[in-house]
Amino acid sequence: MMEKLWKDGRTLDLETDSRIPDGPVEEKWTRYKGTVPLVSPANKRRFTIIVVGSGLAGASASATLAQLGYNVLLFTYHDSPRRAHSIAAQGGINAAKNYQNDGDSIWRLFYDTMKGGDFRAREANVYRLAEISPQIIDYSVAIGVPFAREYGGLLANRSFGGVLVQRTFYARGQTGQQLLLGAISQVLRWWNEGRIKIFPRHEVLDIVLIDGHAKGIIARDLITGELKRFAAHAVVLATGGYGNAYFLSTNAVNSNATAIWRAYKRGAYFGNPCFVQVHPTALPETHEYQSKRTLMSESLRNDGRVWVPRKKGDTRHPNEIPHEERWYFLEEWYPAYGNLVPRDVASRAIKRVCDMGYGLPPTGRAVYLDLLDAIKEQGKERIDAKYGNLFEMYEKITGESPWEVPMKIYPAVHYTMGGLWVSYELQTSIPGLFAIGEANFSDHGANRLGASALMQGLADGYYILPYTIGSYLAHRLGEKLPDTESEEFRKTEQEVKERIERLISVNGKTPPDEFHMKLGHILWDKVGLSRSKESLLQALEEIRELKKEFWKDVKVVGDANTINQELEKAGRVADFIELGELITIDALHREESCGAHFREEYKTEEGEPLRRDDEFAYVAAWQYNGEDNPPILNKEPLKFEAIKPTVRSYK
Amino acid sequence: MSEKKTMRLTLKVWRQNGPQDQGRFETYELDNVNPDWSFLEMLDILNMKLVREGKEPIAFESDCREGICGTCGFVINGRAHGHLHKTTVCQLHMRHFKDGETIVIEPFRATAFPVLKDLIIDRSAMDFILKRGGYISVNVGSAPDANTIPVPKHNSDRAFDFATCIGCGACIAACPNASAALFVSAKITHLALLPQGHPEREKRVDEMLTAMEEQGFGGCSNTYACEVECPKGISITGIARANLEYWRAKLKGN
Ligand SMILES: Cc1cc2nc3c(=O)[nH]c(=O)nc-3n(C[C@H](O)[C@H](O)[C@H](O)COP(=O)(O)OP(=O)(O)OC[C@H]3O[C@@H](n4cnc5c(N)ncnc54)[C@H](O)[C@@H]3O)c2cc1C
Ligand code: SF4
Ligand code: FES
């Protein structure tokens with residue numbers, strides 16, 4: 001495999017491409033807001049915006065854009081916008097409120113996020129996120145989100161990994177549900193007012209470009225199979241992450257990358273695809289047909305202790321193993337943060353002890369997450385209030401009660417820091433196409449801290465995009481809604497149609513799910529928690545082979561003109577395979593270890609990741625270059641003005 | 001854990017090719033069912049087998065597979081979401097079934113829930129009720145500091161208990177009148193228990209109850225079937241609370 005895997009591109013300009021405002025980091029957002037061109041209320045009513053996705057990002061953006069007066073068309077493949085994957089977020093949302101008086105501040109949240117991301121995020125974005133965070137809590141409370149409270153009636157907080165303060169707000173173990181239902185309630189409100197039109201059970205399969213600008217979409221009605229064209233003055237993708245490329249992940253089973261992958265193939269850059277977060281505490285795999293990995297919230301590590309028996313292959317019941325014979329390896333290796341080290345650090349440590357042969361039987365791929373000490377110390381009632389529903393969920397799935405036996409956990413793919421490259425204005429490299437929430441690459445660098453995705457999705461949707469989209473639209477006053485009968489719309493629809501026909505006409509023998517599982521195995525084994533040049537090159541070869549196999553042997557039963565879930569899956573898997581290839585190439589090119597991206601060749605003597613700032617302090621912004629050509633590698637340099645990157649230590 | 005004893009099951013599944021089709025039960029035999037599979041994983045496996053045989057797989061919906069999104073849901077042996085208390089279909093595991101058992105699977109049935117295909121139904125009527133007031137009208141940008149209004153912990157915990165509804169529709173499917181009372185009252189009660197919800201409480205209860213009727217849902221006749229089948233344990237006291245809200249609004253002359 002000696003062919004060139006990528007082609008060198010250009011260096012992005014921080015002013016004209018990334019559009020980072022001038023001035024010190026604390027003032028950038030204020031300056032931006034003060035100078036961004038505004039669209040008058042009367043003119044807003046003349047603009048139509050398509051929002052794809054009704055998760056936290058898409059729902060909050062739709063509601064706020066509607067509030068401002070824009071006409072919003074909201075698309076989701078779910079039967080109701082409320083079902084978006086965000087609903088499953090458990091542990092909480094961060095905000096620099098400093099209600100606990102424990103030394104938190106905007107600066108500290110900013111710094112923690114930069115450090116948590118191993119200094120691979122854009123300073124200006126991260127500061128803005130920290131700055132906006134308190135308002136998210138204010139607004140969520142005002143619209144009826146029932147956050148946990150103390151007896152005095154004020155809001156409660158807890159800690160998450162990688163930080164030393166308590167800044168996480170939560171609603172039992174269902175914070176995502178409550179925040180999403182809050183945002184959706186506002187979507188319903190503006191739907192009732194006629195400002196939002198909702199298109200449930202519509203899957204967006206392509207973006208329509210006119211003169212290089214995003215001006216519409218092609219969507220498939222999942223009930224009738226009909227392909228439909230929708231025009232707008234701007235398009236927003238809020239379609240979530242691509243963790244399901246790995247087949248088994250903590251994501252909802254339908255989460256997929258099709259929308260962002262189609263955007264990539266139309267010219268939007270893809271940022272840092274290899275930054276894929278593996279969460280340390282998910283339920284272990286128990287059988288070969290498992291359809292997902294269930295997350296056990298990181299909040300459990302506030303009170304839970306992670307351990308394995310000191311004796312390899314110890315088959316005693318965990319409760320019979322005395323404390324001295326247990327190895328609390330996180331507490332031993334990382335005394336400062338203990339069980340609350342960031343996710344990437346915890347995941348690698350768990351893998352390491354299992355690789356060393358200490359994993360729990362029968363698979364050797366599990367460790368204990370033990371709350372029994374905490375139950376003894378704090379009492380059942382307090383633990384129940386904090387984690388009751390998580391315990392219940394654990395028991396339902398495994399048949400064992402965490403009240404009596406320690407839970408068993410093992411890392412699983414969870415979140416993707418990579419995504420569509422966006423400017424400070426959240427605009428992709430296609431003018432008029434914006435990406436928000438997990439779908440973009442922006443704020444978490446090479447590793448996301450717990451409880452920061454909800455914060456980012458809502459910051460993007462409630463507070464950032466509604467401003468920044470104005471800067472695009474302000475230059476387009478009077479522009480008519482594009483004609484869906486135009487050549488561009490017809491041609492794009494025709495291409496979507498041909499692709500569907502191609503999928504059906506393969507008429508092989510293997511269900512799309514089986515290809516998906518195979519892809520998942522390749523990525524998890526070779527492009528997972530740790531990667532090496534050798535494993536990556538091999539993954540690349542296998543993925544390319546799988547792609548050929550897919551187009552020779554996939555079986556899609558049924559027609560395209562009705563509900564056809566096999567067809568939906570086949571399209572998504574085809575895209576995942578291509579994306580898997582880009583993830584691998586990105587991981588190959590990044591010859592350093594940082595955050596979730598751990599290259600075997602680049603580690604310290606103690607086995608910690610070795611970052612190489614001289615060569616790799618940039619965002620890889622990949623550009624599509626045609627079916628048979630290697631992708632183009634553009635680079636956005638990361639300039640650190642406010643803080644100095646340090647060796648990331650949690651010891 | 002593959003050494004565990006596997007099971008043999010007979011599945012009788014409702015197949016219906018669209019809203020116009022009459023529909024019928026079809027029978028499938030399944031060997032080697034692993035008790036660690038979830039119910040939906042069992043259907044996944046059956047479906048992969050059907051696809052390999054060139055047959056149409058059984059259409060059913062799910063997404064989170066951890067009991068929170070409300071996408072899944074059908075009737076198993078006459079019970080919405082199956083027989084296990086406070087459990088969605090996606091959280092139900094095969095260890096709760098017996099070797100040799102026959103399992104009957106059919107969609108939620110209610111006039112307001114037309115069958116789209118096999119086990120997939122159209123529940124959009126539920127959103128049509130929520131849009132008529134299931135929210136607090138506050139704009140982004142005008143919220144006071146979150147700790148300005150203390151909310152007694154008890155009230156906010158109770159509000160959460162009602163806000164936890166996942167909108168699955170099981171209560172409606174279980175009700176002999178196909179009433180949406182539990183679902184609607186959950187939202188009314190959630191917002192009535194919080195001070196933030198008070199300014200619009202009269203209008204909210206009035207409009208939502210009207211919308212419920214308009215969408216073709218029946219009235220509540222206190223059979224309690226809804227509470228029994230609700231996977232999130234939403235309490236029927238919510239219905240009493242919603243009634244109270246209704247009379248309160250009437251008394252205030254709204
Ligand atoms: C189990 C779990 C627990 C988590 N817990 C936490 C937590 O405690 N705190 C935290 O901060 N983060 C948490 N996260 C991460 C966080 O939930 C997600 O990153 C976040 O919710 C993503 O929101 P989003 O709006 O970007 O996308 P999503 O919520 O994924 O929404 C995507 C939307 O796009 C739509 N869509 C996608 N593609 C298409 C298409 N082609 N056509 C039409 N519609 C489309 C979908 O229908 C959906 O509505 C958790 C994640 C998981 C998996
Ligand atoms: S009240 Fe219960 S059964 Fe009814 S929709 Fe809500 S969660 Fe489902
Ligand atoms: S699939 Fe989400 S509740 Fe069952």
# chains A, B, ... in the order shown; residues from 1 in each chain; ligands from 1
call {"tool": "residues_around", "arguments": {"residues": "Ser221 of chain B", "least_positions_apart": "3", "cutoff": "10 Å", "atoms": "only C-alpha atoms", "output": "number ranges by chain"}}
result
B: 175-177, 179, 181, 218, 224
call {"tool": "write_last_selection", "arguments": {"atoms": "N, CA and C atoms", "output": "compact mmCIF listing (two decimals), in the first residue's frame"}}
result
# COMPACT_ATOMS: atom_id res chain seq x y z
N CYS B 175 -55.80 1.89 27.30
CA CYS B 175 -57.09 2.40 27.79
C CYS B 175 -58.25 1.88 26.94
N PRO B 176 -59.31 1.36 27.58
CA PRO B 176 -60.46 0.89 26.82
C PRO B 176 -61.13 2.01 26.03
N ASN B 177 -60.95 3.26 26.46
CA ASN B 177 -61.54 4.39 25.73
C ASN B 177 -60.52 5.07 24.82
N SER B 179 -58.13 6.86 25.72
CA SER B 179 -58.00 8.22 26.23
C SER B 179 -56.53 8.58 26.37
N ALA B 181 -55.60 10.77 28.55
CA ALA B 181 -55.63 11.56 29.80
C ALA B 181 -54.31 11.51 30.56
N GLY B 218 -60.49 9.34 23.43
CA GLY B 218 -61.67 9.20 24.28
C GLY B 218 -61.48 9.90 25.62
N TYR B 224 -57.78 2.93 35.29
CA TYR B 224 -56.39 2.78 35.79
C TYR B 224 -55.50 1.92 34.92
call {"tool": "residues_near_ligand", "arguments": {"ligand": "ligand 3", "cutoff": "12 Å", "atoms": "only C-alpha atoms and all ligand atoms", "output": "PyMOL selection string"}}
result
(chain A and resi 78+82-88+177+251-254+291-292+294+393) or (chain B and resi 38-41+60-74+81+86-92+164-170+230-232)
call {"tool": "select_by_dssp", "arguments": {"residues": "segment 54-243 of chain B", "states": "strand (DSSP E)", "output": "ChimeraX atom specification"}}
result
/B:75-76,79-80,102-106,115-117,120-121
call {"tool": "write_last_selection", "arguments": {"atoms": "N, CA, C and O atoms", "output": "short mmCIF file (atom, residue, chain, number, x, y, z; two decimals), in the first residue's frame"}}
result
data_model
loop_
_atom_site.label_atom_id
_atom_site.label_comp_id
_atom_site.auth_asym_id
_atom_site.auth_seq_id
_atom_site.Cartn_x
_atom_site.Cartn_y
_atom_site.Cartn_z
N VAL B 75 -47.57 -4.32 21.44
CA VAL B 75 -48.26 -5.13 22.44
C VAL B 75 -47.70 -6.55 22.42
O VAL B 75 -47.58 -7.16 21.35
N ILE B 76 -47.30 -7.05 23.58
CA ILE B 76 -46.78 -8.41 23.68
C ILE B 76 -47.71 -9.21 24.57
O ILE B 76 -47.93 -8.83 25.73
N ARG B 79 -50.19 -7.20 26.44
CA ARG B 79 -49.77 -6.11 27.32
C ARG B 79 -48.89 -5.11 26.55
O ARG B 79 -47.96 -5.51 25.85
N ALA B 80 -49.24 -3.81 26.71
CA ALA B 80 -48.42 -2.77 26.07
C ALA B 80 -47.01 -2.83 26.66
O ALA B 80 -46.86 -2.85 27.88
N THR B 102 -45.22 -19.37 23.33
CA THR B 102 -45.70 -18.68 22.13
C THR B 102 -45.92 -17.22 22.50
O THR B 102 -46.58 -16.92 23.49
N ILE B 103 -45.35 -16.33 21.71
CA ILE B 103 -45.45 -14.90 22.03
C ILE B 103 -46.23 -14.19 20.92
O ILE B 103 -45.89 -14.32 19.73
N VAL B 104 -47.27 -13.47 21.30
CA VAL B 104 -48.09 -12.76 20.32
C VAL B 104 -47.70 -11.29 20.32
O VAL B 104 -47.68 -10.64 21.36
N ILE B 105 -47.36 -10.79 19.13
CA ILE B 105 -46.86 -9.41 19.01
C ILE B 105 -47.76 -8.63 18.05
O ILE B 105 -47.95 -9.04 16.90
N GLU B 106 -48.32 -7.53 18.51
CA GLU B 106 -49.17 -6.72 17.62
C GLU B 106 -48.99 -5.24 17.94
O GLU B 106 -48.51 -4.88 19.01
N VAL B 115 -52.22 2.23 11.86
CA VAL B 115 -51.05 1.38 11.59
C VAL B 115 -50.46 1.78 10.25
O VAL B 115 -51.16 1.88 9.24
N LEU B 116 -49.16 2.02 10.21
CA LEU B 116 -48.50 2.39 8.95
C LEU B 116 -47.94 1.17 8.26
O LEU B 116 -48.01 1.02 7.05
N LYS B 117 -47.35 0.27 9.06
CA LYS B 117 -46.85 -0.98 8.51
C LYS B 117 -46.51 -1.91 9.68
O LYS B 117 -45.85 -1.48 10.63
N ILE B 120 -45.51 -0.62 13.12
CA ILE B 120 -45.30 0.83 13.14
C ILE B 120 -46.63 1.56 13.08
O ILE B 120 -47.45 1.30 12.20
N ILE B 121 -46.83 2.49 14.01
CA ILE B 121 -48.06 3.26 14.03
C ILE B 121 -47.75 4.74 13.92
O ILE B 121 -46.61 5.16 14.10
#
call {"tool": "closest_atom_pairs", "arguments": {"of": "chain B", "to": "chain A", "cutoff": "7 Å", "atoms": "only C-alpha atoms", "output": "CSV"}}
result
residue,atom,partner,partner_atom,distance
B:Met1,CA,A:Thr286,CA,6.6
B:Glu41,CA,A:Ser291,CA,6.5
B:Met48,CA,A:Pro511,CA,6.2
B:Val51,CA,A:Pro511,CA,6.2
B:Arg52,CA,A:Lys509,CA,5.9
B:Gly54,CA,A:Val557,CA,6.4
B:Lys55,CA,A:Val557,CA,6.8
B:Glu56,CA,A:Val557,CA,6.0
B:Asp63,CA,A:Ala252,CA,5.0
B:Cys64,CA,A:Ala252,CA,4.1
B:Arg65,CA,A:Ala252,CA,6.8
B:Ile68,CA,A:Ala88,CA,6.1
B:Cys69,CA,A:Arg83,CA,5.0
B:Gly70,CA,A:Arg83,CA,6.8
B:Thr71,CA,A:Arg83,CA,6.7
B:Gln91,CA,A:Lys396,CA,6.5
B:His93,CA,A:Ile397,CA,6.9
B:Ser124,CA,A:Ser80,CA,6.9
B:Lys131,CA,A:Leu188,CA,4.7
B:Arg132,CA,A:Asn192,CA,6.7
B:Gly134,CA,A:Ser185,CA,6.5
B:Tyr135,CA,A:Ser185,CA,5.0
B:Ile136,CA,A:Ile143,CA,5.3
B:Val138,CA,A:Ile143,CA,6.4
B:Val140,CA,A:Tyr139,CA,6.6
B:Ala143,CA,A:Tyr139,CA,5.2
B:Pro144,CA,A:Asp138,CA,6.2
B:Asp145,CA,A:Asp138,CA,5.2
B:Ala146,CA,A:Asp138,CA,4.2
B:Asn147,CA,A:Leu154,CA,5.8
B:Pro150,CA,A:Gly153,CA,4.5
B:Val151,CA,A:Gly153,CA,4.6
B:Pro152,CA,A:Gly153,CA,4.5
B:Lys153,CA,A:Gly153,CA,5.4
B:Ser156,CA,A:Pro146,CA,5.8
B:Ala159,CA,A:Pro146,CA,6.5
B:Phe160,CA,A:Pro146,CA,5.5
B:Leu191,CA,A:Gly144,CA,6.6
B:Leu194,CA,A:Gly144,CA,6.9
B:Gln196,CA,A:Ala142,CA,6.0
B:Gly197,CA,A:Gly144,CA,6.8
call {"tool": "select_by_dssp", "arguments": {"residues": "segment 517-611 of chain A", "states": "helix (DSSP H, G or I)", "output": "JSON, numbers by chain"}}
result
{"A": [517, 518, 519, 520, 521, 522, 523, 524, 525, 526, 533, 534, 535, 536, 537, 538, 539, 540, 541, 542, 543, 544, 545, 546, 547, 548, 549, 550, 551, 552, 553, 565, 566, 567, 568, 569, 570, 571, 572, 573, 574, 575, 576, 577, 578, 579, 580, 581, 582, 583, 584, 585, 586, 587, 588, 589]}
call {"tool": "atom_distance", "arguments": {"atom1": "atom CA of Leu582 of chain A", "atom2": "atom CA of Asp614 of chain A"}}
result
23.7 Å
call {"tool": "atom_distance", "arguments": {"atom1": "atom CA of Gly520 of chain A", "atom2": "atom CA of Phe247 of chain A"}}
result
4.6 Å
call {"tool": "atom_distance", "arguments": {"atom1": "atom CA of Ala366 of chain A", "atom2": "atom CA of His414 of chain A"}}
result
16.9 Å
call {"tool": "closest_residue", "arguments": {"among": "B:Asp31, B:Glu229, B:Glu245, B:Glu202", "to": "ligand 2", "atoms": "only C-alpha atoms and all ligand atoms"}}
result
B:Glu229
call {"tool": "closest_residue", "arguments": {"among": "A:Gly418, A:Pro318, A:Gly457, A:Gly9", "to": "ligand 1", "atoms": "only C-alpha atoms and all ligand atoms"}}
result
A:Gly457
call {"tool": "residues_around", "arguments": {"residues": "segment 203-217 of chain B", "least_positions_apart": "6", "cutoff": "6 Å", "atoms": "only C-alpha atoms", "output": "PyMOL selection string"}}
result
chain B and resi 112+129+132-133+178-179+246
call {"tool": "residues_around", "arguments": {"residues": "Lys635 of chain A", "least_positions_apart": "3", "cutoff": "10 Å", "atoms": "only C-alpha atoms", "output": "list in words"}}
result
Asp8, Gly9, Arg10, Thr11, Leu12, Asp13, Gly271, Phe616, Ala617, Tyr618, Val619, Ala620, Ala621, Trp622, Ile632 and Leu638 of chain A
call {"tool": "write_last_selection", "arguments": {"atoms": "all heavy atoms", "output": "short mmCIF file (atom, residue, chain, number, x, y, z; two decimals), in the first residue's frame"}}
result
data_model
loop_
_atom_site.label_atom_id
_atom_site.label_comp_id
_atom_site.auth_asym_id
_atom_site.auth_seq_id
_atom_site.Cartn_x
_atom_site.Cartn_y
_atom_site.Cartn_z
N ASP A 8 -1.73 17.07 -0.23
CA ASP A 8 -1.61 18.25 0.62
C ASP A 8 -2.40 19.40 0.03
O ASP A 8 -2.35 19.65 -1.17
CB ASP A 8 -0.14 18.63 0.79
CG ASP A 8 0.56 17.60 1.68
OD1 ASP A 8 -0.09 17.15 2.65
OD2 ASP A 8 1.72 17.24 1.40
N GLY A 9 -3.11 20.10 0.88
CA GLY A 9 -3.92 21.23 0.44
C GLY A 9 -3.35 22.54 0.92
O GLY A 9 -2.14 22.72 0.99
N ARG A 10 -4.23 23.43 1.35
CA ARG A 10 -3.77 24.77 1.72
C ARG A 10 -3.87 24.98 3.22
O ARG A 10 -4.44 24.16 3.94
CB ARG A 10 -4.61 25.83 1.00
CG ARG A 10 -6.05 25.79 1.41
CD ARG A 10 -6.92 26.66 0.50
NE ARG A 10 -8.28 26.63 0.99
CZ ARG A 10 -8.83 27.59 1.73
NH1 ARG A 10 -8.15 28.66 2.05
NH2 ARG A 10 -10.08 27.48 2.14
N THR A 11 -3.29 26.09 3.66
CA THR A 11 -3.42 26.49 5.05
C THR A 11 -4.57 27.47 5.16
O THR A 11 -4.61 28.46 4.42
CB THR A 11 -2.12 27.16 5.53
OG1 THR A 11 -1.06 26.21 5.36
CG2 THR A 11 -2.21 27.57 6.99
N LEU A 12 -5.52 27.19 6.02
CA LEU A 12 -6.69 28.06 6.12
C LEU A 12 -6.29 29.37 6.79
O LEU A 12 -5.46 29.41 7.69
CB LEU A 12 -7.81 27.40 6.92
CG LEU A 12 -8.32 26.06 6.40
CD1 LEU A 12 -9.58 25.64 7.15
CD2 LEU A 12 -8.61 26.10 4.91
N ASP A 13 -6.94 30.43 6.34
CA ASP A 13 -6.66 31.75 6.89
C ASP A 13 -7.59 32.03 8.07
O ASP A 13 -8.81 31.88 7.96
CB ASP A 13 -6.86 32.81 5.80
CG ASP A 13 -6.47 34.18 6.29
OD1 ASP A 13 -7.31 34.87 6.89
OD2 ASP A 13 -5.28 34.52 6.12
N GLY A 271 -13.72 18.06 9.60
CA GLY A 271 -12.66 18.35 10.57
C GLY A 271 -12.35 17.17 11.48
O GLY A 271 -13.25 16.55 12.04
N PHE A 616 1.75 19.18 14.81
CA PHE A 616 0.32 18.84 14.68
C PHE A 616 -0.64 19.77 15.40
O PHE A 616 -1.79 19.41 15.61
CB PHE A 616 0.09 17.40 15.11
CG PHE A 616 0.69 16.41 14.16
CD1 PHE A 616 1.93 15.84 14.42
CD2 PHE A 616 0.04 16.10 12.98
CE1 PHE A 616 2.51 14.95 13.52
CE2 PHE A 616 0.60 15.22 12.07
CZ PHE A 616 1.84 14.64 12.34
N ALA A 617 -0.21 20.96 15.76
CA ALA A 617 -1.14 21.90 16.38
C ALA A 617 -2.01 22.53 15.30
O ALA A 617 -1.93 23.73 15.02
CB ALA A 617 -0.38 22.95 17.18
N TYR A 618 -2.82 21.71 14.66
CA TYR A 618 -3.74 22.23 13.64
C TYR A 618 -4.98 21.34 13.57
O TYR A 618 -4.99 20.21 14.07
CB TYR A 618 -3.07 22.30 12.26
CG TYR A 618 -2.63 20.97 11.69
CD1 TYR A 618 -3.53 20.10 11.09
CD2 TYR A 618 -1.28 20.59 11.72
CE1 TYR A 618 -3.13 18.89 10.56
CE2 TYR A 618 -0.86 19.37 11.19
CZ TYR A 618 -1.80 18.53 10.61
OH TYR A 618 -1.40 17.32 10.11
N VAL A 619 -6.01 21.89 12.97
CA VAL A 619 -7.21 21.12 12.67
C VAL A 619 -7.05 20.57 11.27
O VAL A 619 -6.71 21.31 10.35
CB VAL A 619 -8.45 22.04 12.70
CG1 VAL A 619 -9.71 21.28 12.28
CG2 VAL A 619 -8.61 22.69 14.05
N ALA A 620 -7.27 19.28 11.11
CA ALA A 620 -7.23 18.71 9.77
C ALA A 620 -8.61 18.91 9.14
O ALA A 620 -9.60 18.39 9.65
CB ALA A 620 -6.89 17.23 9.83
N ALA A 621 -8.65 19.70 8.08
CA ALA A 621 -9.93 19.98 7.41
C ALA A 621 -9.93 19.28 6.05
O ALA A 621 -9.44 19.82 5.06
CB ALA A 621 -10.12 21.49 7.27
N TRP A 622 -10.47 18.08 6.04
CA TRP A 622 -10.39 17.24 4.84
C TRP A 622 -11.38 17.67 3.78
O TRP A 622 -12.53 18.00 4.07
CB TRP A 622 -10.65 15.77 5.21
CG TRP A 622 -9.58 15.21 6.08
CD1 TRP A 622 -9.59 15.14 7.44
CD2 TRP A 622 -8.33 14.64 5.65
NE1 TRP A 622 -8.42 14.57 7.88
CE2 TRP A 622 -7.64 14.24 6.82
CE3 TRP A 622 -7.73 14.44 4.39
CZ2 TRP A 622 -6.37 13.65 6.77
CZ3 TRP A 622 -6.49 13.85 4.34
CH2 TRP A 622 -5.82 13.46 5.52
N ILE A 632 -8.07 15.75 0.05
CA ILE A 632 -7.10 16.83 0.22
C ILE A 632 -7.05 17.24 1.68
O ILE A 632 -8.09 17.42 2.31
CB ILE A 632 -7.51 18.04 -0.64
CG1 ILE A 632 -7.51 17.64 -2.12
CG2 ILE A 632 -6.58 19.22 -0.39
CD1 ILE A 632 -8.12 18.66 -3.04
N LEU A 638 -3.72 26.10 14.85
CA LEU A 638 -4.31 26.49 16.13
C LEU A 638 -3.38 27.48 16.79
O LEU A 638 -2.22 27.17 17.07
CB LEU A 638 -4.49 25.25 17.01
CG LEU A 638 -5.59 24.31 16.52
CD1 LEU A 638 -5.53 22.98 17.28
CD2 LEU A 638 -6.97 24.93 16.67
#
call {"tool": "residues_around", "arguments": {"residues": "Ser486 of chain A", "least_positions_apart": "3", "cutoff": "12 Å", "atoms": "only C-alpha atoms", "output": "PyMOL selection string"}}
result
chain A and resi 208-210+215-216+229-231+481-483+489-493
call {"tool": "residues_around", "arguments": {"residues": "Phe391 of chain A", "least_positions_apart": "2", "cutoff": "10 Å", "atoms": "only C-alpha atoms", "output": "number ranges by chain"}}
result
A: 173, 296, 300, 383-384, 386-389, 393-396, 400-403, 407
call {"tool": "write_last_selection", "arguments": {"atoms": "N, CA, C and O atoms", "output": "short mmCIF file (atom, residue, chain, number, x, y, z; two decimals), in the first residue's frame"}}
result
data_model
loop_
_atom_site.label_atom_id
_atom_site.label_comp_id
_atom_site.auth_asym_id
_atom_site.auth_seq_id
_atom_site.Cartn_x
_atom_site.Cartn_y
_atom_site.Cartn_z
N GLY A 173 -30.90 11.13 36.31
CA GLY A 173 -30.02 10.64 35.25
C GLY A 173 -30.63 10.90 33.88
O GLY A 173 -30.37 10.16 32.94
N MET A 296 -23.41 3.85 31.16
CA MET A 296 -23.68 4.12 32.57
C MET A 296 -23.02 5.47 32.84
O MET A 296 -21.79 5.60 32.75
N LEU A 300 -21.60 8.56 37.78
CA LEU A 300 -21.40 7.47 38.75
C LEU A 300 -19.98 7.47 39.30
O LEU A 300 -19.73 6.96 40.40
N ILE A 383 -28.06 8.00 47.61
CA ILE A 383 -27.58 7.37 46.38
C ILE A 383 -28.74 7.17 45.41
O ILE A 383 -28.63 7.40 44.20
N ASP A 384 -29.88 6.79 45.95
CA ASP A 384 -31.06 6.58 45.11
C ASP A 384 -31.45 7.88 44.40
O ASP A 384 -31.77 7.88 43.21
N LYS A 386 -29.56 10.25 43.54
CA LYS A 386 -28.59 10.63 42.51
C LYS A 386 -28.58 9.67 41.31
O LYS A 386 -28.44 10.08 40.18
N TYR A 387 -28.68 8.39 41.62
CA TYR A 387 -28.44 7.40 40.54
C TYR A 387 -29.54 6.35 40.39
O TYR A 387 -29.36 5.38 39.67
N GLY A 388 -30.67 6.55 41.12
CA GLY A 388 -31.71 5.52 41.15
C GLY A 388 -32.06 4.95 39.78
O GLY A 388 -32.05 3.74 39.58
N ASN A 389 -32.31 5.86 38.83
CA ASN A 389 -32.77 5.35 37.54
C ASN A 389 -31.66 4.62 36.79
O ASN A 389 -31.92 3.72 35.99
N MET A 393 -31.85 0.82 35.38
CA MET A 393 -31.53 0.48 34.00
C MET A 393 -30.52 -0.67 33.96
O MET A 393 -30.66 -1.61 33.20
N TYR A 394 -29.52 -0.58 34.83
CA TYR A 394 -28.49 -1.61 34.87
C TYR A 394 -29.12 -2.97 35.19
O TYR A 394 -28.83 -3.99 34.55
N GLU A 395 -29.99 -2.96 36.16
CA GLU A 395 -30.60 -4.21 36.59
C GLU A 395 -31.48 -4.81 35.49
O GLU A 395 -31.49 -6.02 35.27
N LYS A 396 -32.19 -3.94 34.77
CA LYS A 396 -33.06 -4.44 33.70
C LYS A 396 -32.25 -5.18 32.65
O LYS A 396 -32.65 -6.21 32.14
N GLU A 400 -28.73 -8.03 37.30
CA GLU A 400 -28.05 -7.94 38.60
C GLU A 400 -28.29 -6.56 39.22
O GLU A 400 -28.37 -5.57 38.51
N SER A 401 -28.36 -6.52 40.55
CA SER A 401 -28.67 -5.26 41.22
C SER A 401 -27.41 -4.57 41.75
O SER A 401 -26.71 -5.12 42.58
N PRO A 402 -27.15 -3.33 41.28
CA PRO A 402 -25.98 -2.59 41.78
C PRO A 402 -26.08 -2.26 43.27
O PRO A 402 -25.10 -1.83 43.87
N TRP A 403 -27.26 -2.44 43.85
CA TRP A 403 -27.39 -2.25 45.30
C TRP A 403 -26.68 -3.38 46.03
O TRP A 403 -26.33 -3.25 47.20
N MET A 407 -21.24 -3.00 39.74
CA MET A 407 -21.53 -3.07 38.31
C MET A 407 -20.29 -3.48 37.55
O MET A 407 -19.17 -3.26 38.01
#
